[in-house]
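Structure file upload_24.cif (mmCIF, C-alpha atoms) is printed below.
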```
data_final
#
loop_
_atom_site.label_atom_id
_atom_site.label_comp_id
_atom_site.auth_asym_id
_atom_site.auth_seq_id
_atom_site.Cartn_x
_atom_site.Cartn_y
_atom_site.Cartn_z
CA MET A 70 14.37 -6.17 22.12
CA VAL A 71 12.87 -8.91 19.94
CA SER A 72 12.24 -8.02 16.30
CA ARG A 73 8.71 -8.68 15.11
CA VAL A 74 7.63 -9.60 11.56
CA LEU A 75 4.11 -9.47 10.11
CA VAL A 76 3.46 -12.52 7.93
CA THR A 77 0.33 -12.14 5.82
CA GLY A 78 -1.02 -15.47 4.64
CA GLY A 79 1.08 -16.98 7.41
CA ALA A 80 -1.23 -19.95 8.00
CA GLY A 81 -0.66 -21.21 4.45
CA TYR A 82 1.97 -23.73 3.41
CA ILE A 83 4.85 -21.37 2.59
CA GLY A 84 3.77 -18.82 5.19
CA SER A 85 3.70 -21.31 8.05
CA HIS A 86 7.09 -22.76 7.11
CA THR A 87 8.48 -19.22 6.98
CA ALA A 88 6.97 -18.47 10.38
CA VAL A 89 8.76 -21.51 11.82
CA GLU A 90 12.09 -20.35 10.40
CA LEU A 91 11.56 -16.80 11.67
CA ILE A 92 10.70 -17.99 15.18
CA GLU A 93 13.68 -20.34 15.24
CA ALA A 94 15.87 -17.38 14.16
CA GLY A 95 14.65 -15.37 17.16
CA TYR A 96 11.90 -13.25 15.63
CA GLU A 97 8.41 -12.79 17.02
CA VAL A 98 5.79 -13.46 14.36
CA VAL A 99 2.37 -11.90 13.85
CA ILE A 100 0.32 -13.94 11.40
CA VAL A 101 -2.66 -12.50 9.55
CA ASP A 102 -4.69 -14.94 7.48
CA ASN A 103 -8.32 -15.21 6.42
CA LEU A 104 -7.98 -19.02 6.26
CA SER A 105 -9.32 -19.18 2.69
CA ASN A 106 -6.29 -21.24 1.53
CA SER A 107 -5.36 -22.72 4.90
CA ASP A 108 -6.69 -23.74 8.28
CA ARG A 109 -5.85 -23.37 11.94
CA SER A 110 -4.00 -26.68 12.08
CA SER A 111 -0.92 -24.99 10.63
CA LEU A 112 -0.82 -22.74 13.70
CA GLU A 113 -0.74 -25.81 15.93
CA GLY A 114 2.06 -27.17 13.75
CA ILE A 115 4.05 -23.97 14.25
CA ARG A 116 3.54 -24.25 18.01
CA LYS A 117 4.57 -27.93 18.11
CA ILE A 118 7.73 -27.33 16.07
CA THR A 119 8.88 -24.13 17.78
CA GLY A 120 7.33 -24.34 21.24
CA THR A 121 6.02 -20.84 20.59
CA GLU A 122 2.44 -19.72 20.08
CA PRO A 123 2.49 -17.22 17.21
CA ILE A 124 0.24 -14.18 17.41
CA PHE A 125 -2.65 -14.92 15.04
CA ILE A 126 -5.28 -12.55 13.69
CA GLU A 127 -7.98 -13.95 11.45
CA ALA A 128 -8.49 -11.16 8.95
CA ASP A 129 -8.63 -10.52 5.23
CA CYS A 130 -5.77 -8.37 3.96
CA CYS A 131 -8.22 -6.65 1.61
CA ASP A 132 -10.12 -5.38 4.66
CA ARG A 133 -8.41 -2.05 5.23
CA GLU A 134 -9.94 -1.45 8.69
CA ALA A 135 -9.01 -4.92 9.94
CA MET A 136 -5.47 -4.43 8.69
CA ARG A 137 -5.34 -0.94 10.21
CA ARG A 138 -6.11 -2.52 13.59
CA VAL A 139 -3.17 -4.92 13.09
CA PHE A 140 -0.83 -2.04 12.28
CA GLU A 141 -2.12 -0.07 15.26
CA SER A 142 -1.84 -3.02 17.66
CA TYR A 143 1.59 -4.40 16.81
CA GLU A 144 5.00 -2.87 16.29
CA PHE A 145 6.93 -4.45 13.44
CA ASP A 146 9.24 -3.06 10.82
CA SER A 147 9.03 -5.89 8.31
CA VAL A 148 6.23 -7.56 6.38
CA ILE A 149 6.35 -10.79 4.42
CA HIS A 150 3.34 -10.81 2.11
CA PHE A 151 2.12 -14.29 1.15
CA ALA A 152 -1.62 -13.53 1.21
CA ALA A 153 -3.00 -14.32 -2.26
CA TYR A 154 -5.16 -16.70 -4.19
CA LYS A 155 -2.85 -19.18 -5.88
CA ALA A 156 -4.58 -21.59 -8.27
CA VAL A 157 -3.67 -20.89 -11.89
CA GLY A 158 -6.66 -22.78 -13.34
CA GLU A 159 -9.12 -21.04 -11.03
CA SER A 160 -7.61 -17.68 -11.99
CA VAL A 161 -8.44 -18.38 -15.63
CA ALA A 162 -12.04 -19.22 -14.70
CA GLU A 163 -12.42 -16.33 -12.21
CA PRO A 164 -9.98 -13.57 -13.19
CA VAL A 165 -11.76 -10.71 -11.39
CA LYS A 166 -11.65 -12.65 -8.12
CA TYR A 167 -7.86 -12.96 -8.49
CA TYR A 168 -7.23 -9.37 -9.54
CA ARG A 169 -9.35 -8.00 -6.71
CA ASN A 170 -7.86 -10.20 -3.98
CA ASN A 171 -4.23 -10.41 -4.99
CA LEU A 172 -3.84 -6.74 -5.89
CA ASP A 173 -6.13 -5.20 -3.24
CA SER A 174 -4.46 -7.14 -0.43
CA PHE A 175 -1.01 -6.03 -1.57
CA LEU A 176 -2.06 -2.40 -2.08
CA THR A 177 -3.66 -2.31 1.37
CA VAL A 178 -0.48 -3.56 3.01
CA LEU A 179 1.72 -1.11 1.09
CA GLU A 180 -0.54 1.85 1.92
CA LEU A 181 -0.57 0.99 5.61
CA MET A 182 3.18 0.45 5.64
CA LYS A 183 3.63 3.98 4.33
CA GLU A 184 1.07 5.43 6.75
CA PHE A 185 2.63 3.70 9.78
CA GLY A 186 6.26 4.14 8.76
CA ARG A 187 7.06 0.47 8.30
CA HIS A 188 10.14 -0.02 6.13
CA ASN A 189 10.69 -3.54 4.80
CA ILE A 190 8.55 -5.76 2.64
CA LEU A 191 9.20 -9.12 1.05
CA PHE A 192 6.66 -9.93 -1.66
CA SER A 193 5.92 -13.54 -2.48
CA SER A 194 5.92 -13.60 -6.26
CA SER A 195 6.08 -16.55 -8.63
CA ALA A 196 8.06 -17.97 -11.53
CA THR A 197 4.87 -17.44 -13.56
CA VAL A 198 6.15 -13.89 -14.15
CA TYR A 199 8.55 -15.34 -16.74
CA GLY A 200 5.61 -16.46 -18.93
CA ASP A 201 6.74 -18.77 -21.73
CA ALA A 202 10.47 -18.17 -21.51
CA ASP A 203 12.50 -18.32 -24.71
CA THR A 204 15.32 -20.31 -23.12
CA LEU A 205 15.60 -22.79 -20.28
CA PRO A 206 16.63 -22.98 -17.57
CA VAL A 207 15.13 -19.73 -16.37
CA THR A 208 17.43 -17.56 -14.25
CA GLU A 209 17.01 -14.24 -12.45
CA LEU A 210 18.31 -12.59 -15.63
CA THR A 211 15.58 -14.12 -17.79
CA PRO A 212 13.29 -11.35 -19.04
CA ARG A 213 9.65 -11.40 -18.02
CA LYS A 214 7.25 -12.30 -20.79
CA PRO A 215 3.47 -11.85 -20.84
CA ALA A 216 1.89 -13.95 -18.13
CA THR A 217 -0.08 -16.99 -19.23
CA SER A 218 -2.79 -16.66 -16.55
CA PRO A 219 -4.50 -13.99 -14.47
CA TYR A 220 -2.66 -15.41 -11.43
CA GLY A 221 0.69 -14.82 -13.12
CA ASN A 222 -0.44 -11.40 -14.27
CA THR A 223 -1.29 -10.40 -10.68
CA LYS A 224 2.24 -11.37 -9.67
CA GLN A 225 3.74 -9.32 -12.52
CA MET A 226 1.55 -6.35 -11.65
CA ALA A 227 2.37 -6.58 -7.96
CA GLU A 228 6.10 -6.69 -8.74
CA ASP A 229 5.68 -3.51 -10.81
CA ILE A 230 3.68 -1.87 -8.00
CA LEU A 231 6.40 -2.83 -5.52
CA ARG A 232 9.16 -1.41 -7.75
CA ASP A 233 7.30 1.87 -8.30
CA THR A 234 6.37 2.21 -4.62
CA VAL A 235 9.94 1.60 -3.43
CA LEU A 236 11.23 4.19 -5.91
CA ALA A 237 8.64 6.74 -4.76
CA SER A 238 8.95 6.10 -1.02
CA GLU A 239 11.84 7.26 1.07
CA GLY A 240 12.97 4.50 3.41
CA LEU A 241 10.89 1.67 1.95
CA ASN A 242 12.84 -1.45 1.05
CA GLY A 243 11.26 -4.20 -1.00
CA ILE A 244 12.16 -7.48 -2.58
CA ALA A 245 10.22 -10.06 -4.56
CA LEU A 246 10.93 -13.78 -4.41
CA ARG A 247 9.96 -15.90 -7.44
CA TYR A 248 9.27 -19.53 -6.62
CA PHE A 249 9.37 -22.52 -8.95
CA ASN A 250 7.45 -25.80 -8.59
#
```
Spit out the file's structure as structure tokens when you get a sec.
Amino acid sequence: MVSRVLVTGGAGYIGSHTAVELIEAGYEVVIVDNLSNSDRSSLEGIRKITGTEPIFIEADCCDREAMRRVFESYEFDSVIHFAAYKAVGESVAEPVKYYRNNLDSFLTVLELMKEFGRHNILFSSSATVYGDADTLPVTELTPRKPATSPYGNTKQMAEDILRDTVLASEGLNGIALRYFN
């Protein structure tokens, strides 16, 4: 039996590269993306590189009913959540847009994972959670400081939500990856 992974935001840069690696490692990939930060050409790139056509659903992860249909239609035990707005400057200009999208999409996925008994989530966080670190280089042991943008704050908040949800949920495993530029 082939393992299947749901990759939200899977048509974006990091998501599409992750999809390639998953496919090449023998996983079947279901990509959900609303194409707000990406376009369909990445799906063609995945196909050209892997020789495999990934399952693609154009949907917004904030749309609970659309996401419910994904959970009802596909068996998977693991989710990699990349779906988020990502421009720091824009987040400063439009903070509500970032809070609504980045947090609602994550909450929707977590709620559906619990409802459908899905057990593993990898959250795509950011090095912005370290704020203005007191010492460099930053390591995994560096304490988080107040975020310097709404974007960074959504990543801090989502990490806290993930921690609390994992602690409160029997059988849910979660991890956050913090990327640097």
Exactly which residues make up the result of the PyMOL selection byres ((chain A and resi 143) around 12) on this file, given as a list in words?
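Evaluating the PyMOL selection byres ((chain A and resi 143) around 12) on this file yields Ser72, Arg73, Val74, Leu75, Glu97, Val98, Val99, Ile100, Val101, Ile124, Phe125, Ile126, Met136, Arg137, Arg138, Val139, Phe140, Glu141, Ser142, Glu144, Phe145, Asp146, Ser147, Val148, Phe185 and Arg187 of chain A.
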Given the PyMOL selection byres ((chain A and resi 246) around 6) and the file above, list the residues it selects as a PyMOL selection string.
chain A and resi 193-194+245+247
Given the PyMOL selection byres ((chain A and resi 227-240) around 8) and the file above, list the residues it selects as a ChimeraX atom specification.
/A:172,175,183,188,192,194,223-226,241-245
Hey, which of A:Gly84, A:Gly120, A:Pro164, A:Gly186 ends up closest to Tyr220 of chain A? Count only C-alpha atoms.
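Selected residue with least distance to Tyr220 of chain A: A:Pro164.
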Which of these, A:Val165, A:Ala135, A:Ile190, A:Val157, has the shortest distance to Ala216 of chain A once you count all atoms listed in the file?
A:Val157
Counting all atoms listed in the file, which of A:Ile115, A:Met182, A:Ala153, A:Ala80 gets nearest to Ser195 of chain A?
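Of all the options, A:Ala153 lies closest to Ser195 of chain A.
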Quick one: everything within 10 Å of Glu93 of chain A, counting all atoms listed in the file, minus sequence neighbours fewer than 5 positions away in the same chain. Send it as a PDB file with C-alpha atoms, in the coordinates of the input.
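Final output, out-v4.pdb:
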```
ATOM      1  CA  THR A  87       8.480 -19.220   6.980  1.00  0.00           C
ATOM      2  CA  ALA A  88       6.970 -18.470  10.380  1.00  0.00           C
ATOM      3  CA  ILE A 118       7.730 -27.330  16.070  1.00  0.00           C
ATOM      4  CA  THR A 119       8.880 -24.130  17.780  1.00  0.00           C
ATOM      5  CA  GLY A 120       7.330 -24.340  21.240  1.00  0.00           C
ATOM      6  CA  THR A 121       6.020 -20.840  20.590  1.00  0.00           C
TER       7      THR A 121
END
```
From the list A:Tyr168, A:Ser174, A:Glu163, A:Lys117, which residue is nearest Asp102 of chain A when using only C-alpha atoms?
A:Ser174
What is the distance, in Å and to one decimal place, between atom CA of Glu134 of chain A and atom CA of Tyr96 of chain A?
25.8 Å
Length of the atom CA of Asp203 of chain A to atom CA of Glu159 of chain A vector [Å]:
25.7 Å
Across A:Arg213, A:Thr204, A:Thr197, A:Asn103, the smallest distance to Asn170 of chain A, with all atoms listed in the file counted, is shown by A:Asn103
Atomic distance atom CA of Thr177 of chain A - atom CA of Cys131 of chain A, expressed in Å with one decimal:
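Between these atoms lies a distance of 6.3 Å.
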Contacts of Thr208 of chain A within 10 Å, all atoms listed in the file, excl. fewer than 3 positions in-chain, as a ChimeraX atom specification:
/A:196,199,204-205,211-212
I'd like to know which of A:Leu176, A:Val76, A:Leu191, A:Ala202 is closest to Ala152 of chain A, using all atoms listed in the file.
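Using all atoms listed in the file, the shortest distance to Ala152 of chain A belongs to A:Val76.
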Kindly extract all protein, DNA and RNA residues lying within 10 Å of the coordinates (0.7, -27.3, 3.0) given in the file, considering only C-alpha atoms, and supply them as JSON, numbers by chain.
{"A": [80, 81, 82, 83, 84, 85, 86, 106, 107, 108, 111]}
Let me have the centre and edge lengths in Å, one decimal, of the box along x, y and z around every listed atom of segment 119-137 of chain A with 4 Å of margin on each side, as JSON.
```
{"center_x": -0.6, "center_y": -12.6, "center_z": 11.4, "size_x": 27.0, "size_y": 31.4, "size_z": 27.6}
```
